$ cat my_file.pdb   # PDB, C-alpha atoms
ATOM      1  CA  LEU A 959       7.000 154.969 177.231
ATOM      2  CA  TRP A 960       8.968 156.027 180.327
ATOM      3  CA  GLN A 961       9.041 159.651 179.106
ATOM      4  CA  ASP A 962       5.274 159.616 178.545
ATOM      5  CA  MET A 963       4.670 158.166 181.999
ATOM      6  CA  ALA A 964       6.807 160.891 183.529
ATOM      7  CA  GLN A 965       4.294 163.444 182.277
ATOM      8  CA  LEU A 966       1.411 161.845 184.181
ATOM      9  CA  PRO A 967       0.250 163.591 187.376
ATOM     10  CA  ARG A 968       1.559 161.905 190.485
ATOM     11  CA  PRO A 969      -0.740 161.184 193.425
ATOM     12  CA  PRO A 970       0.248 162.780 196.735
ATOM     13  CA  ILE A 971       2.142 160.521 199.139
ATOM     14  CA  PRO A 972       1.107 160.880 202.793
ATOM     15  CA  ALA A 973       3.947 162.065 204.999
ATOM     16  CA  GLU A 974       2.676 160.538 208.231
ATOM     17  CA  ARG A 975       4.769 157.866 209.904
ATOM     18  CA  PRO A 976       3.378 154.758 211.581
ATOM     19  CA  ALA A 977       3.550 154.562 215.332
ATOM     20  CA  PRO A 978       6.764 152.935 216.680
ATOM     21  CA  ARG A 979       4.948 149.810 217.909
ATOM     22  CA  ARG A 980       3.171 149.381 214.599
ATOM     23  CA  ARG A 981       6.437 149.779 212.716
ATOM     24  CA  TRP A 982       8.089 147.164 214.954
ATOM     25  CA  ARG A 983       5.294 144.716 214.268
ATOM     26  CA  SER A 984       5.546 145.349 210.540
ATOM     27  CA  LEU A 985       9.296 144.780 210.569
ATOM     28  CA  ALA A 986       8.891 141.595 212.616
ATOM     29  CA  ALA A 987       6.281 140.243 210.207
ATOM     30  CA  ALA A 988       8.499 141.070 207.232
ATOM     31  CA  ALA A 989      11.470 139.347 208.881
ATOM     32  CA  CYS A 990       9.397 136.209 209.472
ATOM     33  CA  LEU A 991       8.364 136.121 205.820
ATOM     34  CA  VAL A 992      11.978 136.468 204.701
ATOM     35  CA  LEU A 993      13.081 133.634 206.981
ATOM     36  CA  LEU A 994      10.322 131.364 205.703
ATOM     37  CA  ALA A 995      11.273 132.162 202.126
ATOM     38  CA  LEU A 996      14.906 131.307 202.812
ATOM     39  CA  LEU A 997      14.142 127.870 204.269
ATOM     40  CA  PRO A 998      15.042 125.173 201.718
ATOM     41  CA  ALA A 999      11.825 123.829 200.259
ATOM     42  CA  TRP A1000      13.292 120.371 199.758
ATOM     43  CA  LEU A1001      13.699 119.719 203.487
ATOM     44  CA  ASP A1002      10.030 119.094 204.192
ATOM     45  CA  VAL A1003       9.434 115.928 206.230
ATOM     46  CA  SER A1004       5.914 114.494 206.287
ATOM     47  CA  PRO A1005       4.380 112.652 209.279
ATOM     48  CA  ASP A1006       5.048 109.242 207.668
ATOM     49  CA  GLY A1007       8.778 109.992 207.480
ATOM     50  CA  ALA A1008       8.886 110.830 203.769
ATOM     51  CA  LEU A1009      11.320 113.553 202.759
ATOM     52  CA  THR A1010       9.953 115.895 200.093
ATOM     53  CA  LEU A1011      12.493 117.278 197.629
ATOM     54  CA  VAL A1012      11.393 120.172 195.421
ATOM     55  CA  SER A1013      13.187 122.295 192.829
ATOM     56  CA  GLY A1014      12.017 125.652 191.503
ATOM     57  CA  PRO A1015      11.018 126.543 187.937
ATOM     58  CA  GLN A1016      14.528 127.812 187.108
ATOM     59  CA  THR A1017      16.664 126.245 189.840
ATOM     60  CA  PRO A1018      17.951 122.658 189.628
ATOM     61  CA  ARG A1019      19.048 121.162 192.955
ATOM     62  CA  GLU A1020      21.485 118.539 194.162
ATOM     63  CA  VAL A1021      20.697 116.640 197.365
ATOM     64  CA  THR A1022      22.803 114.032 199.202
ATOM     65  CA  LEU A1023      20.793 111.478 201.164
ATOM     66  CA  GLU A1024      21.927 110.001 204.451
ATOM     67  CA  ASP A1025      22.845 106.701 202.739
ATOM     68  CA  GLY A1026      25.320 108.530 200.483
ATOM     69  CA  SER A1027      23.136 108.527 197.377
ATOM     70  CA  ARG A1028      22.941 111.782 195.461
ATOM     71  CA  ILE A1029      19.912 113.086 193.562
ATOM     72  CA  HIS A1030      20.092 115.862 190.977
ATOM     73  CA  LEU A1031      16.671 117.465 190.478
ATOM     74  CA  ASN A1032      15.941 119.215 187.211
ATOM     75  CA  CYS A1033      13.668 122.282 187.240
ATOM     76  CA  ASN A1034      10.038 121.846 188.336
ATOM     77  CA  THR A1035      10.712 118.475 189.946
ATOM     78  CA  ARG A1036       9.156 116.953 193.052
ATOM     79  CA  LEU A1037      10.260 113.765 194.820
ATOM     80  CA  GLU A1038       9.147 111.819 197.884
ATOM     81  CA  VAL A1039      12.004 109.885 199.539
ATOM     82  CA  ARG A1040      11.685 107.134 202.149
ATOM     83  CA  LEU A1041      14.837 105.472 203.509
ATOM     84  CA  LEU A1042      13.673 102.352 205.326
ATOM     85  CA  ALA A1043      15.608  99.613 207.106
ATOM     86  CA  GLU A1044      15.051  97.041 204.351
ATOM     87  CA  ARG A1045      14.667  99.231 201.245
ATOM     88  CA  ARG A1046      14.973 102.735 199.816
ATOM     89  CA  GLU A1047      11.987 104.209 197.991
ATOM     90  CA  VAL A1048      11.708 107.337 195.848
ATOM     91  CA  GLU A1049       8.523 108.530 194.162
ATOM     92  CA  LEU A1050       9.028 110.871 191.227
ATOM     93  CA  VAL A1051       5.858 112.917 191.516
ATOM     94  CA  GLN A1052       6.763 115.160 188.583
ATOM     95  CA  GLY A1053       9.746 116.302 186.568
ATOM     96  CA  GLN A1054      13.146 114.752 186.018
ATOM     97  CA  ALA A1055      15.969 113.561 188.261
ATOM     98  CA  PHE A1056      19.400 111.982 187.927
ATOM     99  CA  PHE A1057      20.326 109.405 190.562
ATOM    100  CA  GLU A1058      23.758 108.380 191.835
ATOM    101  CA  VAL A1059      22.795 105.444 194.030
ATOM    102  CA  ALA A1060      25.106 104.257 196.799
ATOM    103  CA  ARG A1061      25.371 100.494 196.560
ATOM    104  CA  ASP A1062      23.642  98.620 199.377
ATOM    105  CA  VAL A1063      22.703  95.020 198.586
ATOM    106  CA  GLN A1064      20.605  94.773 201.751
ATOM    107  CA  ARG A1065      18.514  97.823 200.817
ATOM    108  CA  PRO A1066      17.536  97.935 197.123
ATOM    109  CA  PHE A1067      16.816 101.348 195.664
ATOM    110  CA  ARG A1068      13.490 101.760 193.839
ATOM    111  CA  VAL A1069      12.160 104.758 191.930
ATOM    112  CA  GLN A1070       8.407 104.902 191.339
ATOM    113  CA  ALA A1071       7.129 107.156 188.525
ATOM    114  CA  GLY A1072       3.399 106.842 188.067
ATOM    115  CA  GLU A1073       2.687 103.219 187.142
ATOM    116  CA  GLY A1074       6.303 102.645 186.153
ATOM    117  CA  SER A1075       9.211 101.779 188.435
ATOM    118  CA  VAL A1076      12.989 101.412 188.261
ATOM    119  CA  GLN A1077      14.893  99.029 190.556
ATOM    120  CA  VAL A1078      18.648  99.280 191.178
ATOM    121  CA  LEU A1079      21.371  98.310 193.615
ATOM    122  CA  GLY A1080      24.040 100.839 192.694
ATOM    123  CA  THR A1081      24.211 102.847 189.478
ATOM    124  CA  ARG A1082      23.849 106.253 187.815
ATOM    125  CA  PHE A1083      20.712 106.861 185.788
ATOM    126  CA  ASP A1084      18.200 109.507 184.756
ATOM    127  CA  VAL A1085      14.402 109.320 185.012
ATOM    128  CA  ARG A1086      11.979 111.737 183.407
ATOM    129  CA  ARG A1087       8.241 111.573 184.007
ATOM    130  CA  GLY A1088       5.837 113.312 181.647
ATOM    131  CA  ARG A1089       2.091 113.130 181.190
ATOM    132  CA  GLU A1090       2.245 110.026 179.028
ATOM    133  CA  LEU A1091       5.978 109.351 178.625
ATOM    134  CA  LEU A1092       8.411 107.726 181.031
ATOM    135  CA  ALA A1093      12.063 107.927 179.944
ATOM    136  CA  VAL A1094      14.965 106.139 181.660
ATOM    137  CA  SER A1095      18.606 106.555 180.611
ATOM    138  CA  VAL A1096      21.489 104.684 182.239
ATOM    139  CA  GLU A1097      24.939 106.248 182.528
ATOM    140  CA  SER A1098      26.593 103.393 184.424
ATOM    141  CA  GLY A1099      25.559 100.159 186.114
ATOM    142  CA  ARG A1100      22.311  98.337 185.451
ATOM    143  CA  VAL A1101      18.634  98.933 186.222
ATOM    144  CA  ALA A1102      15.399  96.995 185.808
ATOM    145  CA  LEU A1103      12.522  99.036 184.382
ATOM    146  CA  GLN A1104       8.895  98.032 184.824
ATOM    147  CA  PRO A1105       6.886 100.510 182.727
ATOM    148  CA  ARG A1106       3.604  99.515 184.385
ATOM    149  CA  ALA A1107       2.501  97.189 187.157
ATOM    150  CA  ASP A1108       1.476  94.306 184.872
ATOM    151  CA  ALA A1109       4.436  94.588 182.497
ATOM    152  CA  PRO A1110       7.592  92.427 182.566
ATOM    153  CA  LEU A1111      10.899  93.844 183.753
ATOM    154  CA  VAL A1112      13.187  95.347 181.119
ATOM    155  CA  GLU A1113      16.895  95.301 181.926
ATOM    156  CA  LEU A1114      18.859  98.399 180.908
ATOM    157  CA  LEU A1115      22.660  98.569 180.879
ATOM    158  CA  ALA A1116      25.051 101.521 180.664
ATOM    159  CA  GLY A1117      24.296 103.537 177.542
ATOM    160  CA  ASP A1118      20.723 102.241 177.215
ATOM    161  CA  ARG A1119      17.586 104.347 177.072
ATOM    162  CA  ALA A1120      13.977 103.229 177.244
ATOM    163  CA  VAL A1121      10.983 105.475 176.553
ATOM    164  CA  TYR A1122       7.542 104.168 177.475
ATOM    165  CA  ASP A1123       4.513 105.815 175.857
ATOM    166  CA  GLY A1124       1.559 105.220 178.169
ATOM    167  CA  SER A1125      -0.987 106.457 175.634
ATOM    168  CA  ARG A1126       0.071 103.789 173.128
ATOM    169  CA  GLY A1127       1.458 101.179 175.487
ATOM    170  CA  THR A1128       4.735 101.034 173.520
ATOM    171  CA  LEU A1129       8.313 100.802 174.756
ATOM    172  CA  LEU A1130      11.097 102.184 172.564
ATOM    173  CA  ARG A1131      14.699 101.219 173.354
ATOM    174  CA  SER A1132      17.753 103.002 171.988
ATOM    175  CA  ARG A1133      21.386 103.775 172.739
ATOM    176  CA  VAL A1134      22.523 106.999 174.399
ATOM    177  CA  ALA A1135      25.447 109.013 173.083
ATOM    178  CA  ASP A1136      28.273 110.078 175.391
ATOM    179  CA  GLY A1137      27.322 113.150 177.379
ATOM    180  CA  GLU A1138      23.630 112.823 176.576
ATOM    181  CA  VAL A1139      22.465 111.286 179.870
ATOM    182  CA  ALA A1140      21.212 114.088 182.131
ATOM    183  CA  SER A1141      23.021 116.708 180.062
ATOM    184  CA  TRP A1142      20.713 119.278 181.696
ATOM    185  CA  ARG A1143      22.998 119.171 184.753
ATOM    186  CA  SER A1144      25.550 121.209 182.803
ATOM    187  CA  GLY A1145      22.963 123.706 181.533
ATOM    188  CA  ARG A1146      22.499 122.250 178.058
ATOM    189  CA  LEU A1147      20.347 119.638 176.344
ATOM    190  CA  VAL A1148      21.892 117.012 174.066
ATOM    191  CA  PHE A1149      19.688 114.881 171.805
ATOM    192  CA  GLN A1150      20.612 112.420 169.082
ATOM    193  CA  GLN A1151      18.222 110.220 167.128
ATOM    194  CA  TRP A1152      15.132 111.352 169.060
ATOM    195  CA  PRO A1153      11.731 111.703 167.347
ATOM    196  CA  LEU A1154      10.810 115.371 167.067
ATOM    197  CA  ALA A1155       7.394 114.769 168.682
ATOM    198  CA  GLN A1156       9.050 113.429 171.837
ATOM    199  CA  LEU A1157      11.436 116.381 172.006
ATOM    200  CA  LEU A1158       8.564 118.847 171.735
TER     201      LEU A1158
END

$ encode --input "my_file.pdb" --output "structure tokens"
Amino acid sequence: LWQDMAQLPRPPIPAERPAPRRRWRSLAAAACLVLLALLPAWLDVSPDGALTLVSGPQTPREVTLEDGSRIHLNCNTRLEVRLLAERREVELVQGQAFFEVARDVQRPFRVQAGEGSVQVLGTRFDVRRGRELLAVSVESGRVALQPRADAPLVELLAGDRAVYDGSRGTLLRSRVADGEVASWRSGRLVFQQWPLAQLL
């Protein structure tokens, strides 16, 4: 294909140069675009004080909050974080994230994912939000999952996983194998005893 394209007639390229002032303006505009592109997208603060964390389609991110908690964002993930005096709130707008929550009894940590929510004091857990599925896996500690606003709390301990199917209104609990929780952080996916439909 490259050899065939080399045989095509080439259009003439004008030899004129732009005026110095015009070139300076072009270079300045290009430099501004490069600087904007290099700014970290996850450091966007909204007027209400919420911190927006975003990861790219092929780039997971790790962010440390001012309270010492760490959030690992999988690809294509968006979070809204609010650290208030009496509580800490995170909204998982889309995607998947692994949380290492710094313990603070005076400020509970809550993750909202659609209608579902996860409440913790200090633990390590993974939350994935899909169109209809909400999956929570606990690596250490303990969390309380509320799959929807009118549902009772479900307590999950280390090694527990709960998958809520919003289309059916069902909650499936299972155990998680070692190394399976948030295995995407190491660049691989580990699944054991998962229904094929959920994996797809």

$ residues_around --input "my_file.pdb" --residues "segment 1066-1082 of chain A" --least-positions-apart "6" --cutoff "9 Å" --atoms "all atoms listed in the file" --output "PyMOL selection string"
chain A and resi 1044-1052+1056-1060+1092+1094-1107+1116+1122

$ closest_residue --input "my_file.pdb" --among "A:Ser1027, A:Val1121, A:Leu1042, A:Thr1035" --to "Gln1064 of chain A" --atoms "all atoms listed in the file"
A:Leu1042

$ atom_distance --input "my_file.pdb" --atom1 "atom CA of Glu1090 of chain A" --atom2 "atom CA of Gly1124 of chain A"
4.9 Å

$ atom_distance --input "my_file.pdb" --atom1 "atom CA of Ser1125 of chain A" --atom2 "atom CA of Ala1140 of chain A"
24.4 Å

$ atom_distance --input "my_file.pdb" --atom1 "atom CA of Leu1009 of chain A" --atom2 "atom CA of Gly1145 of chain A"
26.3 Å

$ residues_around --input "my_file.pdb" --residues "Trp1142 of chain A" --least-positions-apart "2" --cutoff "12 Å" --atoms "all atoms listed in the file" --output "number ranges by chain"
A: 1016-1019, 1030-1033, 1054-1056, 1084, 1086, 1137-1140, 1144-1149

$ closest_residue --input "my_file.pdb" --among "A:Gly1007, A:Pro967, A:Pro1153, A:Gly1127" --to "Val1039 of chain A" --atoms "all atoms listed in the file"
A:Gly1007

$ axis_aligned_box --input "my_file.pdb" --around "segment 1097-1114 of chain A" --padding-each-side "5 Å" --output "AutoDock Vina command-line options"
--center_x 14.0 --center_y 99.3 --center_z 184.0 --size_x 35.1 --size_y 23.8 --size_z 16.2

$ closest_residue --input "my_file.pdb" --among "A:Val1085, A:Pro970, A:Arg1131, A:Gln961" --to "Glu1113 of chain A" --atoms "all atoms listed in the file"
A:Arg1131

$ closest_residue --input "my_file.pdb" --among "A:Ala964, A:Val1134, A:Ala1043, A:Leu1129" --to "Leu1115 of chain A" --atoms "only C-alpha atoms"
A:Val1134
